[in-house]
$ cat my_file_29.cif   # mmCIF, C-alpha atoms
data_model
#
loop_
_atom_site.label_atom_id
_atom_site.label_comp_id
_atom_site.auth_asym_id
_atom_site.auth_seq_id
_atom_site.Cartn_x
_atom_site.Cartn_y
_atom_site.Cartn_z
CA MET W 181 12.90 67.64 27.45
CA ILE W 182 15.31 65.45 29.37
CA GLY W 183 12.34 63.45 30.64
CA ARG W 184 11.56 62.40 27.10
CA TYR W 185 15.08 61.00 26.68
CA ILE W 186 14.89 59.23 30.01
CA ASN W 187 11.62 57.53 29.02
CA GLY W 188 13.22 56.41 25.72
CA ALA W 189 16.30 55.12 27.58
CA ILE W 190 14.09 53.20 30.00
CA ALA W 191 12.17 51.67 27.06
CA ILE W 192 15.42 50.66 25.33
CA ALA W 193 16.76 49.19 28.58
CA ALA W 194 13.53 47.23 29.09
CA ILE W 195 13.70 45.85 25.54
CA ALA W 196 17.37 44.92 26.03
CA LEU W 197 16.50 43.22 29.32
CA LEU W 198 13.71 41.24 27.65
CA ALA W 199 16.03 40.21 24.82
CA TRP W 200 18.72 39.14 27.29
CA GLY W 201 16.14 37.13 29.27
CA ALA W 202 14.80 35.45 26.13
CA ARG W 203 18.35 34.52 25.08
CA ALA W 204 19.09 33.18 28.57
CA LEU W 205 15.96 31.00 28.47
CA TYR W 206 16.83 29.77 24.97
CA MET W 207 20.37 28.86 26.02
CA ALA W 208 19.08 27.06 29.14
CA GLY W 209 16.72 24.97 26.97
CA TYR W 210 19.51 24.33 24.45
CA ARG W 211 21.86 23.10 27.18
CA ALA W 212 19.12 20.89 28.68
CA ALA W 213 18.46 19.36 25.26
CA LEU W 214 22.18 18.68 24.77
CA VAL W 215 22.41 16.98 28.16
CA LYS W 216 19.35 14.84 27.37
CA GLN W 217 20.76 13.94 23.96
CA GLN W 218 24.09 12.91 25.49
CA THR W 219 22.32 10.86 28.16
CA ASP W 220 20.19 9.12 25.54
CA ALA W 221 23.26 8.41 23.41
CA ALA W 222 25.02 6.87 26.42
CA LEU W 223 21.97 4.69 27.16
CA VAL W 224 21.80 3.53 23.54
CA ALA W 225 25.52 2.71 23.52
CA ALA W 226 25.20 0.73 26.76
CA ALA W 227 22.18 -1.15 25.44
CA ARG W 228 24.02 -1.95 22.22
CA VAL W 229 26.99 -3.36 24.12
CA ASP W 230 24.68 -5.48 26.28
CA PHE W 231 22.86 -6.70 23.19
CA GLU W 232 26.08 -7.64 21.39
CA VAL W 233 27.36 -9.51 24.45
CA SER W 234 24.10 -11.46 24.85
CA VAL W 235 24.03 -12.32 21.13
CA ALA W 236 27.63 -13.51 21.25
CA ARG W 237 26.85 -15.73 24.25
CA ALA W 238 23.78 -17.14 22.53
CA ILE W 239 25.76 -17.89 19.37
CA ASN W 240 28.43 -19.65 21.40
CA ASN W 241 25.78 -21.83 23.04
CA ILE W 242 24.42 -23.09 19.71
CA GLU W 243 24.93 -26.82 19.44
CA VAL W 244 24.91 -28.27 15.94
CA LYS W 245 23.31 -31.68 15.63
CA HIS W 246 23.15 -33.71 12.46
CA VAL W 247 19.83 -35.50 12.39
CA THR W 248 18.54 -37.59 9.53
CA ILE W 249 14.87 -37.04 8.92
CA ARG W 250 12.96 -39.99 7.61
CA GLN W 251 9.35 -39.81 6.63
CA ASN W 252 7.12 -42.69 5.69
CA LEU W 253 4.94 -42.29 2.66
CA GLU W 254 1.28 -42.63 3.46
CA LYS W 255 -1.00 -43.23 0.53
CA GLU W 256 -4.57 -42.07 0.84
CA VAL W 257 -7.11 -43.24 -1.67
CA SER W 258 -10.06 -40.96 -2.22
CA HIS W 259 -13.42 -42.33 -3.34
CA ASP W 260 -15.27 -39.21 -4.48
CA VAL W 261 -18.32 -39.27 -6.69
CA VAL W 262 -17.51 -38.10 -10.22
CA TYR W 263 -20.42 -36.64 -12.18
CA ARG W 264 -18.78 -36.54 -15.61
CA ASP W 265 -19.98 -40.08 -16.32
CA CYS W 266 -23.65 -39.30 -15.54
CA VAL W 267 -26.08 -39.94 -18.37
CA ALA W 268 -29.50 -38.26 -18.47
CA THR W 269 -32.47 -40.52 -19.17
CA PRO W 270 -35.10 -39.60 -21.74
CA GLY W 271 -37.47 -38.61 -18.92
CA VAL W 272 -35.00 -35.99 -17.71
CA PHE W 273 -34.73 -34.55 -21.22
CA GLU W 274 -38.51 -34.37 -21.48
CA LEU W 275 -38.84 -32.51 -18.16
CA SER W 276 -36.07 -30.10 -19.17
CA ASN W 277 -37.74 -29.37 -22.51
CA GLN W 278 -41.11 -28.77 -20.81
CA ALA W 279 -39.51 -26.30 -18.39
CA LEU W 280 -37.82 -24.44 -21.25
CA ALA W 281 -40.99 -24.32 -23.37
CA ALA W 282 -43.27 -23.02 -20.58
CA PRO W 283 -45.25 -19.89 -21.44
CA THR W 284 -43.82 -16.66 -20.10
CA ALA W 285 -45.45 -15.35 -16.95
CA HIS W 286 -47.36 -12.07 -17.10
CA PRO W 287 -47.34 -9.62 -14.20
CA ALA W 288 -50.51 -9.15 -12.21
CA ALA W 289 -52.75 -6.25 -13.24
CA ASP W 290 -52.05 -4.15 -10.16
CA SER W 291 -48.27 -4.75 -10.11
CA LEU W 292 -47.41 -2.17 -12.77
CA VAL W 293 -45.53 0.96 -11.72
CA PRO W 294 -47.79 4.03 -12.09
CA ASP W 295 -46.77 6.88 -14.37
CA ALA W 296 -44.57 9.56 -12.88
CA GLN W 297 -46.45 12.61 -11.67
CA PRO W 298 -44.96 16.11 -11.94
CA ALA W 299 -43.65 17.59 -8.71
CA GLN W 300 -46.02 19.98 -6.98
#

$ encode --input "my_file_29.cif" --output "structure tokens"
Amino acid sequence: MIGRYINGAIAIAAIALLAWGARALYMAGYRAALVKQQTDAALVAAARVDFEVSVARAINNIEVKHVTIRQNLEKEVSHDVVYRDCVATPGVFELSNQALAAPTAHPAADSLVPDAQPAQ
């Protein structure tokens, strides 16, 4: 009967040991993440300071110059053909009327689509 209690105590001790190990691993990962976060924050702060210093130096090196810009006007004349003034001759009207009055074309005898056949 005591053996049953000893087996239960061993099981409880094993579970407690596993829980303690899991917590220890979690805390180790948590601490590593904190260290990495602090390192990254320090790197960002250093980069920001370097950036601000370089921007301040660049701003101080800006030299303002007052320059008058003068442009000469260049006129370009375009000679494009304009078709709005075109006048059709009577011959053009006659050809247009013949094309419009042409008899309608009929399809060839063998060009008709055959009737649909039921699926087999």

$ atom_distance --input "my_file_29.cif" --atom1 "atom CA of W:Ala213" --atom2 "atom CA of W:Ala225"
18.2 Å

$ atom_distance --input "my_file_29.cif" --atom1 "atom CA of W:Gly209" --atom2 "atom CA of W:Ala194"
22.6 Å

$ atom_distance --input "my_file_29.cif" --atom1 "atom CA of W:Asp260" --atom2 "atom CA of W:Glu274"
29.2 Å
